[in-house]
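coords21.cif (mmCIF, C-alpha atoms) appears below.
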```cif
data_coords
#
loop_
_atom_site.label_atom_id
_atom_site.label_comp_id
_atom_site.auth_asym_id
_atom_site.auth_seq_id
_atom_site.Cartn_x
_atom_site.Cartn_y
_atom_site.Cartn_z
CA MET A 544 32.21 -26.83 -43.11
CA ASN A 545 31.71 -25.65 -46.68
CA LYS A 546 30.00 -22.45 -47.73
CA SER A 547 26.69 -24.18 -48.52
CA ALA A 548 26.54 -25.73 -45.05
CA ILE A 549 27.22 -22.33 -43.42
CA SER A 550 24.48 -20.70 -45.51
CA VAL A 551 21.97 -23.38 -44.47
CA ALA A 552 22.89 -22.93 -40.80
CA ILE A 553 22.40 -19.14 -41.01
CA LEU A 554 19.03 -19.55 -42.73
CA LEU A 555 17.85 -21.99 -40.04
CA ALA A 556 18.95 -19.60 -37.28
CA LEU A 557 17.12 -16.65 -38.89
CA SER A 558 14.02 -18.78 -39.37
CA GLY A 559 14.01 -19.70 -35.70
CA CYS A 560 14.33 -16.06 -34.65
CA ALA A 561 11.45 -15.06 -36.92
CA GLN A 562 9.25 -17.79 -35.44
CA GLN A 563 10.05 -16.61 -31.91
CA THR A 564 9.29 -12.99 -32.81
CA ALA A 565 6.00 -13.88 -34.44
CA GLN A 566 4.71 -15.71 -31.36
CA PRO A 567 1.92 -13.73 -29.65
CA LYS A 568 2.57 -12.33 -26.20
CA VAL A 569 0.66 -13.83 -23.30
CA VAL A 570 -1.25 -11.12 -21.34
CA PRO A 571 -2.02 -12.01 -17.72
CA GLU A 572 -5.70 -12.22 -16.89
CA ASN A 573 -5.32 -9.74 -14.04
CA ALA A 574 -3.99 -7.10 -16.47
CA VAL A 575 -7.16 -7.41 -18.54
CA SER A 576 -9.22 -7.12 -15.37
CA MET A 577 -7.32 -4.02 -14.29
CA ARG A 578 -7.96 -2.33 -17.64
CA GLY A 579 -11.64 -3.09 -17.29
CA ASP A 580 -11.75 -1.66 -13.77
CA LEU A 581 -10.00 1.52 -14.89
CA ALA A 582 -12.44 1.92 -17.75
CA ARG A 583 -15.40 1.49 -15.39
CA GLN A 584 -13.94 4.00 -12.93
CA GLU A 585 -13.41 6.50 -15.72
CA ARG A 586 -17.03 6.13 -16.82
CA ILE A 587 -18.22 6.65 -13.24
CA LEU A 588 -16.12 9.81 -12.85
CA GLN A 589 -17.46 11.17 -16.12
CA GLN A 590 -21.04 10.48 -15.00
CA GLN A 591 -20.41 12.23 -11.66
CA ALA A 592 -18.88 15.26 -13.37
CA PHE A 593 -21.86 15.46 -15.73
CA ALA A 594 -24.26 15.19 -12.78
CA VAL A 595 -22.54 18.04 -10.92
CA GLU A 596 -22.50 20.23 -14.02
CA SER A 597 -26.17 19.48 -14.69
CA ALA A 598 -27.28 20.04 -11.09
CA PRO A 599 -29.49 23.06 -10.32
CA THR A 600 -27.72 26.22 -9.26
CA GLN A 601 -29.10 25.92 -5.71
CA GLN A 602 -27.35 22.57 -5.22
CA ARG A 603 -23.92 23.61 -6.48
CA GLN A 604 -21.16 24.31 -4.02
CA THR A 605 -20.20 27.85 -3.04
CA PRO A 606 -17.27 29.05 -5.18
CA VAL A 607 -13.89 28.79 -3.49
CA ILE A 608 -12.78 32.20 -4.76
CA THR A 609 -14.67 34.95 -2.90
CA LEU A 610 -15.28 38.63 -3.57
CA ASP A 611 -12.30 39.47 -1.34
CA HIS A 612 -10.00 38.11 -4.07
CA TYR A 613 -11.35 40.59 -6.64
CA ALA A 614 -11.35 43.47 -4.15
CA ARG A 615 -7.67 42.77 -3.52
CA ASN A 616 -7.02 42.93 -7.28
CA LEU A 617 -8.68 46.35 -7.44
CA VAL A 618 -6.63 47.70 -4.54
CA HIS A 619 -3.39 46.33 -5.99
CA ASP A 620 -4.09 48.03 -9.33
CA LEU A 621 -5.11 51.29 -7.66
CA MET A 622 -1.89 51.36 -5.63
CA ALA A 623 0.25 50.38 -8.62
CA ASN A 624 -1.21 53.06 -10.90
CA HIS A 625 -1.51 56.00 -8.52
CA HIS A 626 0.86 58.97 -8.73
CA ARG A 627 1.54 62.02 -6.57
CA VAL A 628 -0.65 60.94 -3.66
CA GLU A 629 0.06 62.38 -0.23
CA GLU A 630 1.16 59.51 1.97
CA GLN A 631 -0.66 60.64 5.13
CA ALA A 632 -3.77 62.02 3.42
CA MET A 633 -7.02 60.42 4.54
CA VAL A 634 -8.85 58.14 2.10
CA ALA A 635 -12.57 57.28 2.27
CA VAL A 636 -14.22 54.32 0.54
CA THR A 637 -17.78 54.49 -0.80
CA ASP A 638 -20.04 51.89 -2.34
CA LEU A 639 -19.64 51.39 -6.07
CA ALA A 640 -22.91 52.44 -7.71
CA PHE A 641 -24.74 50.41 -10.34
CA LEU A 642 -24.22 52.05 -13.72
CA ASP A 643 -27.86 51.58 -14.81
CA SER A 644 -29.16 53.47 -11.76
CA ASP A 645 -29.11 57.14 -10.69
CA LEU A 646 -25.68 56.43 -9.11
CA GLN A 647 -27.24 56.56 -5.65
CA HIS A 648 -28.10 52.89 -5.23
CA GLY A 649 -25.81 50.25 -3.84
CA SER A 650 -26.50 46.71 -2.65
CA VAL A 651 -25.34 44.04 -0.23
CA PHE A 652 -22.74 43.20 -2.87
CA THR A 653 -21.32 46.72 -3.15
CA ASN A 654 -21.40 47.16 0.62
CA HIS A 655 -19.36 44.00 1.10
CA LEU A 656 -17.00 45.15 -1.64
CA SER A 657 -16.33 48.48 0.08
CA GLU A 658 -15.60 46.69 3.35
CA ALA A 659 -13.12 44.42 1.56
CA ILE A 660 -11.44 47.41 -0.11
CA ILE A 661 -11.03 49.13 3.29
CA TYR A 662 -9.35 46.00 4.63
CA ASP A 663 -6.86 45.75 1.77
CA LEU A 664 -6.09 49.47 1.77
CA HIS A 665 -5.27 49.20 5.45
CA LEU A 666 -2.88 46.32 4.70
CA PHE A 667 -1.14 48.60 2.20
CA GLY A 668 -0.61 51.16 4.96
CA VAL A 669 -3.06 53.67 3.47
CA PRO A 670 -4.73 55.87 6.13
CA VAL A 671 -8.44 55.11 5.69
CA LEU A 672 -11.15 57.20 7.35
CA ASP A 673 -14.47 55.51 8.15
CA PHE A 674 -17.04 58.27 7.77
CA LYS A 675 -19.86 56.02 9.02
CA VAL A 676 -18.50 56.19 12.59
CA THR A 677 -20.61 58.39 14.91
CA ASP A 678 -19.38 60.45 17.83
CA TYR A 679 -21.04 58.15 20.36
CA ILE A 680 -21.91 54.51 21.04
CA ARG A 681 -25.58 53.70 20.56
CA VAL A 682 -26.74 51.18 23.17
CA THR A 683 -29.92 49.31 22.15
CA GLU A 684 -31.72 46.08 22.94
CA LYS A 685 -30.32 44.59 19.72
CA GLY A 686 -26.71 45.46 20.52
CA ASP A 687 -24.17 48.26 20.94
CA PHE A 688 -23.23 50.15 17.79
CA VAL A 689 -20.97 52.97 16.70
CA LEU A 690 -21.63 52.82 12.93
CA SER A 691 -24.63 54.46 11.32
CA ARG A 692 -26.19 55.07 7.90
CA ASP A 693 -28.29 57.95 9.20
CA PHE A 694 -26.91 61.09 7.56
CA SER A 695 -27.89 63.26 10.55
CA GLU A 696 -25.76 61.19 12.94
CA LEU A 697 -22.54 61.57 10.95
CA SER A 698 -19.98 64.37 11.00
CA ALA A 699 -20.54 67.01 8.33
CA GLU A 700 -16.86 67.86 7.92
CA LEU A 701 -14.08 65.30 7.79
CA PRO A 702 -10.42 65.55 6.72
CA ILE A 703 -10.91 63.40 3.62
CA LYS A 704 -8.42 64.11 0.83
CA TYR A 705 -9.14 61.15 -1.49
CA VAL A 706 -12.07 58.84 -2.08
CA VAL A 707 -12.36 55.40 -3.69
CA THR A 708 -15.51 55.10 -5.75
CA GLY A 709 -16.67 53.61 -9.03
CA THR A 710 -19.42 51.78 -10.85
CA VAL A 711 -20.81 48.26 -11.28
CA THR A 712 -22.02 47.10 -14.69
CA ARG A 713 -24.21 44.00 -14.90
CA HIS A 714 -23.32 41.32 -17.46
CA GLN A 715 -24.90 37.95 -18.17
CA ALA A 716 -21.76 36.20 -16.91
CA GLY A 717 -21.22 38.46 -13.90
CA VAL A 718 -20.47 42.10 -13.10
CA MET A 719 -17.75 44.49 -14.24
CA LEU A 720 -16.20 46.65 -11.51
CA ASN A 721 -14.63 49.99 -12.43
CA ALA A 722 -12.95 51.65 -9.43
CA ARG A 723 -11.04 54.90 -9.20
CA LEU A 724 -9.16 56.93 -6.62
CA ILE A 725 -10.26 60.57 -6.82
CA GLN A 726 -8.87 63.70 -5.22
CA ILE A 727 -11.83 65.44 -3.60
CA ASP A 728 -10.88 69.12 -3.97
CA ASN A 729 -10.26 69.09 -7.74
CA LYS A 730 -12.13 65.88 -8.77
CA ARG A 731 -8.96 64.58 -10.43
CA VAL A 732 -8.77 60.83 -11.08
CA VAL A 733 -5.51 59.81 -9.43
CA SER A 734 -5.75 56.10 -10.25
CA ALA A 735 -8.15 53.64 -11.86
CA ALA A 736 -8.64 49.88 -11.82
CA ARG A 737 -10.99 47.34 -13.35
CA THR A 738 -11.88 43.71 -12.72
CA PHE A 739 -14.65 41.27 -13.65
CA VAL A 740 -16.49 39.25 -11.00
CA PRO A 741 -18.13 35.99 -12.21
CA ALA A 742 -21.83 35.47 -11.62
CA ALA A 743 -21.18 32.63 -9.14
CA VAL A 744 -19.22 34.95 -6.83
CA TYR A 745 -21.78 37.74 -7.25
CA ASN A 746 -24.71 35.45 -6.42
CA ALA A 747 -22.87 33.97 -3.44
CA ILE A 748 -22.81 37.43 -1.81
CA LEU A 749 -26.51 37.95 -2.45
CA GLN A 750 -27.28 34.48 -1.01
CA GLN A 751 -30.18 34.01 -3.40
CA ARG A 752 -32.02 36.96 -1.85
CA GLN A 753 -33.42 39.98 -3.58
CA ASP A 754 -30.77 42.63 -4.22
CA ASN A 755 -32.18 45.25 -1.88
CA SER A 756 -30.69 48.71 -2.23
CA LEU A 757 -28.69 50.28 0.62
CA LYS A 758 -28.39 54.03 0.84
CA LEU A 759 -27.82 56.74 3.43
CA LYS A 760 -30.95 57.94 5.18
CA GLN A 761 -31.48 61.67 4.78
CA GLY A 762 -32.06 63.26 8.16
#
```
Have the structure of the file written as structure tokens, please.
Amino acid sequence: MNKSAISVAILLALSGCAQQTAQPKVVPENAVSMRGDLARQERILQQQAFAVESAPTQQRQTPVITLDHYARNLVHDLMANHHRVEEQAMVAVTDLAFLDSDLQHGSVFTNHLSEAIIYDLHLFGVPVLDFKVTDYIRVTEKGDFVLSRDFSELSAELPIKYVVTGTVTRHQAGVMLNARLIQIDNKRVVSAARTFVPAAVYNAILQQRQDNSLKLKQG
């Protein structure tokens, strides 16, 4: 075979390959159908997400993260930042007061927060003293109780060395909690912690009710 014949053969082979490459691919009909179904499902999911986001606040689900999560953060920071604290000294926990009040008003929210702080302090091995415990059990028609908010029913002197207290500042998106561990005898701030609670968690504690104040009754 001469050189011209070889050249013609190579050109024909390349031409055939080009024609095969240029041929359009055949897409199965079911693949097109599957793409359409996926697109419709995606549109439905987007519509559902928009409907949930646009739903009234009363119809939205309760947030998964509760106030206990933020109380645990406060306790962790207080324990991580404290220094020279007597290991067996008694610690009391009070309600955090709202900063825009006379510092003598709490709420259902702050009461729940103090209970959560007591729980987490106990897990840390901190000796916590509950000053709301009376010296007797009150038996009534509504139940049997040992806790009281009546100042006259509580002990006047208790071996409390430290106290956890702080303030709550209202924000449009939630509330800012500033907690501190204070030594009672010299008012020294031993440790401090801060965390922000979103409005959804704050409102979940209030349960859409009016934020009634809770305070000790003067006897």
Using all atoms listed in the file, can you tell me which of A:Thr609, A:Val689, A:Glu700, A:Leu642 comes closest to Met719 in chain A?
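Using all atoms listed in the file, Met719 in chain A sits closest to A:Leu642.
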Which residues come within 7 Å of range 663-677 of chain A, counting all atoms listed in the file, excluding same-chain residues fewer than 6 positions away, as a list in words?
Arg615, Val618, Gln631, Ala632, Met633, Val634, Ala635, Val689, Leu690, Ser691, Arg692, Glu696 and Leu697 of chain A
Test item: residues at most 8 Å from Ile727 in chain A, all atoms listed in the file, excluding those fewer than 5 positions along its chain, as a list in words
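Surrounding residues, per the criterion: Ile703, Lys704, Tyr705 and Val706 of chain A.
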Go through A:Ala722, A:Asp611, A:Thr653, A:Val711 and flag the residue nearest Ala735 in chain A, using all atoms listed in the file for the distances.
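Looking at the shortest contact to Ala735 in chain A, the residue is A:Ala722.
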CA of His648 in chain A to CA of Thr708 in chain A: how many Å, to one decimal?
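So the two atoms, CA of His648 in chain A and CA of Thr708 in chain A, lie 12.8 Å apart.
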Nearest candidate to Leu724 in chain A (options A:Val628, A:Ala614, A:Ala742, A:Leu701; using all atoms listed in the file)
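Ranked by minimum distance to Leu724 in chain A, first place goes to A:Val628.
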Could range 687-710 of chain A be completed with N, CA, C and O atoms and returned as a PDB file, in the frame of the given file?
```pdb
ATOM      1  N   ASP A 687     -24.848  46.975  20.766  1.00  0.00           N
ATOM      2  CA  ASP A 687     -24.170  48.260  20.940  1.00  0.00           C
ATOM      3  C   ASP A 687     -23.449  48.603  19.642  1.00  0.00           C
ATOM      4  O   ASP A 687     -22.652  47.805  19.141  1.00  0.00           O
ATOM      5  N   PHE A 688     -23.707  49.806  19.114  1.00  0.00           N
ATOM      6  CA  PHE A 688     -23.230  50.150  17.790  1.00  0.00           C
ATOM      7  C   PHE A 688     -22.588  51.528  17.779  1.00  0.00           C
ATOM      8  O   PHE A 688     -22.991  52.426  18.534  1.00  0.00           O
ATOM      9  N   VAL A 689     -21.610  51.684  16.891  1.00  0.00           N
ATOM     10  CA  VAL A 689     -20.970  52.970  16.700  1.00  0.00           C
ATOM     11  C   VAL A 689     -21.067  53.413  15.231  1.00  0.00           C
ATOM     12  O   VAL A 689     -20.819  54.569  14.920  1.00  0.00           O
ATOM     13  N   LEU A 690     -21.454  52.497  14.347  1.00  0.00           N
ATOM     14  CA  LEU A 690     -21.630  52.820  12.930  1.00  0.00           C
ATOM     15  C   LEU A 690     -23.089  53.190  12.650  1.00  0.00           C
ATOM     16  O   LEU A 690     -24.009  52.697  13.316  1.00  0.00           O
ATOM     17  N   SER A 691     -23.278  54.043  11.660  1.00  0.00           N
ATOM     18  CA  SER A 691     -24.630  54.460  11.320  1.00  0.00           C
ATOM     19  C   SER A 691     -24.708  54.800   9.844  1.00  0.00           C
ATOM     20  O   SER A 691     -23.719  55.246   9.241  1.00  0.00           O
ATOM     21  N   ARG A 692     -25.896  54.627   9.263  1.00  0.00           N
ATOM     22  CA  ARG A 692     -26.190  55.070   7.900  1.00  0.00           C
ATOM     23  C   ARG A 692     -27.158  56.249   7.911  1.00  0.00           C
ATOM     24  O   ARG A 692     -27.636  56.653   6.857  1.00  0.00           O
ATOM     25  N   ASP A 693     -27.433  56.769   9.077  1.00  0.00           N
ATOM     26  CA  ASP A 693     -28.290  57.950   9.200  1.00  0.00           C
ATOM     27  C   ASP A 693     -27.428  59.194   8.983  1.00  0.00           C
ATOM     28  O   ASP A 693     -26.506  59.472   9.756  1.00  0.00           O
ATOM     29  N   PHE A 694     -27.725  59.932   7.923  1.00  0.00           N
ATOM     30  CA  PHE A 694     -26.910  61.090   7.560  1.00  0.00           C
ATOM     31  C   PHE A 694     -26.814  62.103   8.698  1.00  0.00           C
ATOM     32  O   PHE A 694     -25.769  62.755   8.883  1.00  0.00           O
ATOM     33  N   SER A 695     -27.873  62.251   9.472  1.00  0.00           N
ATOM     34  CA  SER A 695     -27.890  63.260  10.550  1.00  0.00           C
ATOM     35  C   SER A 695     -26.994  62.882  11.710  1.00  0.00           C
ATOM     36  O   SER A 695     -26.646  63.736  12.528  1.00  0.00           O
ATOM     37  N   GLU A 696     -26.603  61.635  11.829  1.00  0.00           N
ATOM     38  CA  GLU A 696     -25.760  61.190  12.940  1.00  0.00           C
ATOM     39  C   GLU A 696     -24.273  61.249  12.609  1.00  0.00           C
ATOM     40  O   GLU A 696     -23.444  61.003  13.487  1.00  0.00           O
ATOM     41  N   LEU A 697     -23.933  61.585  11.387  1.00  0.00           N
ATOM     42  CA  LEU A 697     -22.540  61.570  10.950  1.00  0.00           C
ATOM     43  C   LEU A 697     -21.972  62.989  10.916  1.00  0.00           C
ATOM     44  O   LEU A 697     -22.702  63.974  10.780  1.00  0.00           O
ATOM     45  N   SER A 698     -20.656  63.072  11.017  1.00  0.00           N
ATOM     46  CA  SER A 698     -19.980  64.370  11.000  1.00  0.00           C
ATOM     47  C   SER A 698     -20.095  65.000   9.617  1.00  0.00           C
ATOM     48  O   SER A 698     -19.940  64.329   8.589  1.00  0.00           O
ATOM     49  N   ALA A 699     -20.355  66.304   9.607  1.00  0.00           N
ATOM     50  CA  ALA A 699     -20.540  67.010   8.330  1.00  0.00           C
ATOM     51  C   ALA A 699     -19.206  67.307   7.668  1.00  0.00           C
ATOM     52  O   ALA A 699     -19.110  67.346   6.435  1.00  0.00           O
ATOM     53  N   GLU A 700     -18.166  67.532   8.458  1.00  0.00           N
ATOM     54  CA  GLU A 700     -16.860  67.860   7.920  1.00  0.00           C
ATOM     55  C   GLU A 700     -15.822  66.867   8.414  1.00  0.00           C
ATOM     56  O   GLU A 700     -15.675  66.659   9.612  1.00  0.00           O
ATOM     57  N   LEU A 701     -15.102  66.285   7.465  1.00  0.00           N
ATOM     58  CA  LEU A 701     -14.080  65.300   7.790  1.00  0.00           C
ATOM     59  C   LEU A 701     -12.845  65.576   6.937  1.00  0.00           C
ATOM     60  O   LEU A 701     -12.962  66.041   5.801  1.00  0.00           O
ATOM     61  N   PRO A 702     -11.663  65.277   7.462  1.00  0.00           N
ATOM     62  CA  PRO A 702     -10.420  65.550   6.720  1.00  0.00           C
ATOM     63  C   PRO A 702     -10.137  64.506   5.639  1.00  0.00           C
ATOM     64  O   PRO A 702      -9.111  63.836   5.646  1.00  0.00           O
ATOM     65  N   ILE A 703     -11.063  64.382   4.691  1.00  0.00           N
ATOM     66  CA  ILE A 703     -10.910  63.400   3.620  1.00  0.00           C
ATOM     67  C   ILE A 703     -10.262  64.078   2.419  1.00  0.00           C
ATOM     68  O   ILE A 703     -10.779  65.072   1.902  1.00  0.00           O
ATOM     69  N   LYS A 704      -9.141  63.548   1.975  1.00  0.00           N
ATOM     70  CA  LYS A 704      -8.420  64.110   0.830  1.00  0.00           C
ATOM     71  C   LYS A 704      -8.740  63.342  -0.456  1.00  0.00           C
ATOM     72  O   LYS A 704      -8.859  63.922  -1.522  1.00  0.00           O
ATOM     73  N   TYR A 705      -8.876  62.005  -0.329  1.00  0.00           N
ATOM     74  CA  TYR A 705      -9.140  61.150  -1.490  1.00  0.00           C
ATOM     75  C   TYR A 705     -10.313  60.230  -1.182  1.00  0.00           C
ATOM     76  O   TYR A 705     -10.613  59.937  -0.020  1.00  0.00           O
ATOM     77  N   VAL A 706     -10.966  59.768  -2.229  1.00  0.00           N
ATOM     78  CA  VAL A 706     -12.070  58.840  -2.080  1.00  0.00           C
ATOM     79  C   VAL A 706     -11.970  57.760  -3.146  1.00  0.00           C
ATOM     80  O   VAL A 706     -11.602  58.034  -4.295  1.00  0.00           O
ATOM     81  N   VAL A 707     -12.276  56.528  -2.748  1.00  0.00           N
ATOM     82  CA  VAL A 707     -12.360  55.400  -3.690  1.00  0.00           C
ATOM     83  C   VAL A 707     -13.823  55.199  -4.035  1.00  0.00           C
ATOM     84  O   VAL A 707     -14.662  54.990  -3.148  1.00  0.00           O
ATOM     85  N   THR A 708     -14.139  55.273  -5.297  1.00  0.00           N
ATOM     86  CA  THR A 708     -15.510  55.100  -5.750  1.00  0.00           C
ATOM     87  C   THR A 708     -15.483  54.375  -7.091  1.00  0.00           C
ATOM     88  O   THR A 708     -14.431  53.912  -7.528  1.00  0.00           O
ATOM     89  N   GLY A 709     -16.637  54.286  -7.737  1.00  0.00           N
ATOM     90  CA  GLY A 709     -16.670  53.610  -9.030  1.00  0.00           C
ATOM     91  C   GLY A 709     -18.065  53.133  -9.369  1.00  0.00           C
ATOM     92  O   GLY A 709     -19.060  53.543  -8.760  1.00  0.00           O
ATOM     93  N   THR A 710     -18.141  52.263 -10.359  1.00  0.00           N
ATOM     94  CA  THR A 710     -19.420  51.780 -10.850  1.00  0.00           C
ATOM     95  C   THR A 710     -19.398  50.254 -11.024  1.00  0.00           C
ATOM     96  O   THR A 710     -18.340  49.642 -11.137  1.00  0.00           O
TER      97      THR A 710
END
```
